[in-house]
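Read through the structure below, which is laid out as structure tokens, and then see the notes.
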Amino acid sequence: MEVIQKKGSNKHTFLFKDDVINFAYKDKNGSGDVDLYYADIPKKSSIRIEQNDWLKNVGCLWLILGVFQAGFAVYEGYFTIAKATWVFLGAMCLAWFYFTKIKYTVFQAEKGSLFIIQTESHDKIIEEIMTRKNKQLLAWYGNIDFDNEPEREKSKFKWLCDQGVITNEVLEMKIAQIELYRLTDSTGSTDSARVLN
């Protein structure tokens, strides 16, 4: 599955593979790509805004200057369209500033970051990432490792629950299985507990 986002000179490509997501980007500053395991993508994200502050500042300045000039011309009684030129130029700069502003949702992982442009495909990309992340976390950590310390296994499943990968009901069931194994292991009967996994 591949999703491509474009805005201005920015092009972001998200290639969803079985185990990893490949994020490739190309903009006016360069290009690159990174492969990330879905499980390594954090639950929390941040917002980054890319904008041209020069356009905003100049637009506001010209708009204020234009309003003052046009107002003075009206007061003096010789207003013409030409007197509102700075108003139009300022408004155009502000419009250009608004339409070239790019807002990203950023997931910062240890081996790289994902920048998702907030366009119509934004929610679809995040939903797909989180679905695959939960699936991978379950595949990696969803089974009880009876060779680990019971408390460590409990902590693992509590973490999975906090991540939204498993429900509270599943968490309680896993903890009960760990406790049952600990009890049966102390009596020397482990086979029945291993079947519960």
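Note on naming: chains are A, B, ... as they come in the structure tokens, residues start from 1 per chain, ligands start from 1 in the order shown.
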So that I can check the surroundings of Glu128 of chain A, please list as a ChimeraX atom specification every protein, DNA and RNA residue that reaches within 10 Å of it, counting only C-alpha atoms and ignoring chain neighbours fewer than 6 positions away. /A:1,16,38
Find the spatial neighbours of Gly112 of chain A, counting only C-alpha atoms, within a cut-off of 7 Å - ignore same-chain residues fewer than 3 positions away - and output them as a ChimeraX atom specification. /A:34,108-109
Quick one: everything within 12 Å of Ala24 of chain A, counting only C-alpha atoms, minus sequence neighbours fewer than 4 positions away in the same chain. Send it as a PyMOL selection string. chain A and resi 2-6+10-16+30-36+112-116
Could you tell me, as a ChimeraX atom specification, which residues of segment 12-134 of chain A DSSP assigns to alpha helix (DSSP H) when given the backbone? /A:53-76,85-100,122-134
At what distance in Å, to one decimal, does atom CA of Ser46 of chain A lie from atom CA of Thr105 of chain A?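 Going from atom CA of Thr105 of chain A over to atom CA of Ser46 of chain A, I get 5.8 Å.
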Could you give me, as a list of chain:residue names, the residues within 10 Å of Ile166 of chain A, counting only C-alpha atoms and dropping anything in the same chain fewer than 3 positions from it? A:Asn134, A:Leu137, A:Leu138, A:Gly142, A:Phe157, A:Lys158, A:Trp159, A:Leu160, A:Cys161, A:Asp162, A:Gln163, A:Glu169, A:Val170, A:Leu171
Using the selection just defined, write its residues with N, CA and C atoms as a compact mmCIF listing (two decimals), in the first residue's frame.
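out07.txt was written with the following content:
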```
# COMPACT_ATOMS: atom_id res chain seq x y z
N ASN A 134 -0.18 -1.84 16.24
CA ASN A 134 -0.82 -2.72 17.22
C ASN A 134 -0.67 -4.19 16.84
N LEU A 137 3.01 -5.17 17.51
CA LEU A 137 3.26 -5.29 18.93
C LEU A 137 2.65 -6.58 19.49
N LEU A 138 1.48 -6.93 19.01
CA LEU A 138 0.85 -8.18 19.45
C LEU A 138 1.68 -9.39 19.01
N GLY A 142 2.71 -10.32 22.36
CA GLY A 142 1.37 -10.71 22.78
C GLY A 142 1.27 -12.03 23.51
N PHE A 157 2.47 -6.68 29.75
CA PHE A 157 1.07 -6.64 29.34
C PHE A 157 0.36 -5.36 29.81
N LYS A 158 0.80 -4.82 30.95
CA LYS A 158 0.26 -3.53 31.38
C LYS A 158 0.67 -2.43 30.38
N TRP A 159 1.90 -2.53 29.91
CA TRP A 159 2.38 -1.57 28.90
C TRP A 159 1.58 -1.71 27.60
N LEU A 160 1.33 -2.94 27.17
CA LEU A 160 0.52 -3.17 25.97
C LEU A 160 -0.88 -2.58 26.14
N CYS A 161 -1.42 -2.69 27.34
CA CYS A 161 -2.74 -2.13 27.62
C CYS A 161 -2.69 -0.60 27.57
N ASP A 162 -1.65 -0.02 28.14
CA ASP A 162 -1.49 1.44 28.11
C ASP A 162 -1.35 1.95 26.68
N GLN A 163 -0.74 1.15 25.81
CA GLN A 163 -0.56 1.53 24.41
C GLN A 163 -1.85 1.36 23.60
N GLU A 169 -9.71 -6.33 29.73
CA GLU A 169 -10.14 -7.71 29.92
C GLU A 169 -9.03 -8.69 29.55
N VAL A 170 -8.36 -8.40 28.42
CA VAL A 170 -7.25 -9.26 27.99
C VAL A 170 -6.10 -9.16 28.99
N LEU A 171 -5.84 -7.95 29.49
CA LEU A 171 -4.79 -7.77 30.50
C LEU A 171 -5.06 -8.62 31.73
```
Contacts of Cys60 of chain A within 10 Å, only C-alpha atoms, excl. fewer than 3 positions in-chain, as a list in words: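 Those residues are Trp54, Leu55, Lys56, Asn57, Leu63, Ile64, Leu65, Gly66, Val87, Leu89, Gly90, Ala91, Cys93 and Leu94 of chain A.
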Emit the selected residues as a compact mmCIF listing (two decimals), in the first residue's frame, including N, CA and C atoms.
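Output below, filename selection00.txt:
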```txt
# COMPACT_ATOMS: atom_id res chain seq x y z
N TRP A 54 8.11 36.07 6.65
CA TRP A 54 8.40 37.30 5.91
C TRP A 54 7.15 37.77 5.18
N LEU A 55 6.44 36.83 4.54
CA LEU A 55 5.21 37.19 3.84
C LEU A 55 4.18 37.76 4.80
N LYS A 56 4.06 37.14 5.96
CA LYS A 56 3.08 37.61 6.94
C LYS A 56 3.42 39.02 7.43
N ASN A 57 4.69 39.23 7.75
CA ASN A 57 5.10 40.53 8.26
C ASN A 57 4.95 41.64 7.23
N LEU A 63 -0.63 46.19 4.49
CA LEU A 63 -2.06 46.34 4.75
C LEU A 63 -2.33 47.55 5.65
N ILE A 64 -1.55 47.67 6.72
CA ILE A 64 -1.70 48.81 7.64
C ILE A 64 -1.40 50.12 6.92
N LEU A 65 -0.31 50.11 6.15
CA LEU A 65 0.07 51.30 5.39
C LEU A 65 -1.02 51.68 4.39
N GLY A 66 -1.56 50.67 3.71
CA GLY A 66 -2.61 50.91 2.72
C GLY A 66 -3.88 51.45 3.33
N VAL A 87 -3.23 48.22 0.11
CA VAL A 87 -4.20 47.31 0.75
C VAL A 87 -4.26 46.01 -0.02
N LEU A 89 -2.01 44.77 -2.16
CA LEU A 89 -0.73 44.07 -2.09
C LEU A 89 -0.57 43.36 -0.75
N GLY A 90 -0.95 44.04 0.32
CA GLY A 90 -0.87 43.42 1.64
C GLY A 90 -1.79 42.22 1.76
N ALA A 91 -3.00 42.35 1.23
CA ALA A 91 -3.96 41.24 1.28
C ALA A 91 -3.45 40.05 0.46
N CYS A 93 -0.27 39.27 -0.09
CA CYS A 93 0.81 38.65 0.67
C CYS A 93 0.27 37.76 1.78
N LEU A 94 -0.76 38.25 2.47
CA LEU A 94 -1.35 37.46 3.56
C LEU A 94 -2.04 36.20 3.02
```
Strand (DSSP E) positions in segment 98-177 of chain A, given as a list in words: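 Written out, the strand (DSSP E) residues of segment 98-177 of chain A are Ile102, Lys103, Tyr104, Thr105, Val106, Phe107, Gln108, Ala109, Gly112, Ser113, Leu114, Phe115, Ile116 and Ile117 of chain A.
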Output N, CA, C and O atoms for every residue in that selection, as a short mmCIF file (atom, residue, chain, number, x, y, z; two decimals), in the first residue's frame.
```
data_model
loop_
_atom_site.label_atom_id
_atom_site.label_comp_id
_atom_site.auth_asym_id
_atom_site.auth_seq_id
_atom_site.Cartn_x
_atom_site.Cartn_y
_atom_site.Cartn_z
N ILE A 102 2.25 25.09 5.75
CA ILE A 102 2.10 23.64 5.81
C ILE A 102 2.14 23.19 7.26
O ILE A 102 3.05 23.55 8.02
N LYS A 103 1.17 22.40 7.64
CA LYS A 103 1.07 21.89 9.01
C LYS A 103 1.31 20.38 8.98
O LYS A 103 0.70 19.67 8.18
N TYR A 104 2.21 19.90 9.86
CA TYR A 104 2.55 18.49 9.91
C TYR A 104 2.18 17.89 11.27
O TYR A 104 2.27 18.56 12.30
N THR A 105 1.82 16.61 11.25
CA THR A 105 1.81 15.80 12.46
C THR A 105 3.11 15.01 12.43
O THR A 105 3.41 14.35 11.45
N VAL A 106 3.88 15.10 13.53
CA VAL A 106 5.22 14.50 13.55
C VAL A 106 5.28 13.39 14.60
O VAL A 106 4.95 13.60 15.77
N PHE A 107 5.72 12.21 14.16
CA PHE A 107 6.00 11.10 15.07
C PHE A 107 7.52 10.93 15.10
O PHE A 107 8.12 10.57 14.10
N GLN A 108 8.11 11.19 16.27
CA GLN A 108 9.57 11.14 16.40
C GLN A 108 9.99 9.80 16.99
O GLN A 108 9.79 9.54 18.17
N ALA A 109 10.57 8.95 16.14
CA ALA A 109 11.08 7.65 16.58
C ALA A 109 12.59 7.74 16.75
O ALA A 109 13.22 8.71 16.34
N GLY A 112 14.37 7.79 13.28
CA GLY A 112 13.89 8.74 12.29
C GLY A 112 12.52 9.26 12.67
O GLY A 112 11.94 8.85 13.68
N SER A 113 12.01 10.17 11.87
CA SER A 113 10.71 10.78 12.15
C SER A 113 9.80 10.69 10.93
O SER A 113 10.27 10.68 9.79
N LEU A 114 8.51 10.65 11.21
CA LEU A 114 7.50 10.69 10.16
C LEU A 114 6.84 12.06 10.18
O LEU A 114 6.39 12.52 11.23
N PHE A 115 6.79 12.71 9.02
CA PHE A 115 6.12 13.99 8.88
C PHE A 115 4.89 13.78 8.00
O PHE A 115 5.03 13.53 6.80
N ILE A 116 3.72 13.88 8.60
CA ILE A 116 2.47 13.65 7.86
C ILE A 116 1.79 15.00 7.64
O ILE A 116 1.41 15.68 8.59
N ILE A 117 1.69 15.39 6.37
CA ILE A 117 1.07 16.67 6.04
C ILE A 117 -0.42 16.60 6.36
O ILE A 117 -1.09 15.60 6.05
#
```
Closest of A:Glu110, A:Glu76, A:Asp40, A:Glu50 to Lys133 of chain A - atom-to-atom distances counting only C-alpha atoms: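 Ranking A:Glu110, A:Glu76, A:Asp40, A:Glu50 by distance to Lys133 of chain A, first place goes to A:Asp40.
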Counting only C-alpha atoms, the residue of A:Asn52, A:Gln177, A:Asn22, A:Ser9 that sits nearest Ile129 of chain A: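 When distances to Ile129 of chain A are compared using only C-alpha atoms, the smallest one comes from A:Asn22.
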When you count only C-alpha atoms, which of these residues is closest to Asp19 of chain A: A:Gln136, A:Thr85, A:Thr119, A:Ser45? A:Gln136
One-decimal distance in Å that lies between atom CA of Trp62 of chain A and atom CA of Trp86 of chain A: 5.4 Å
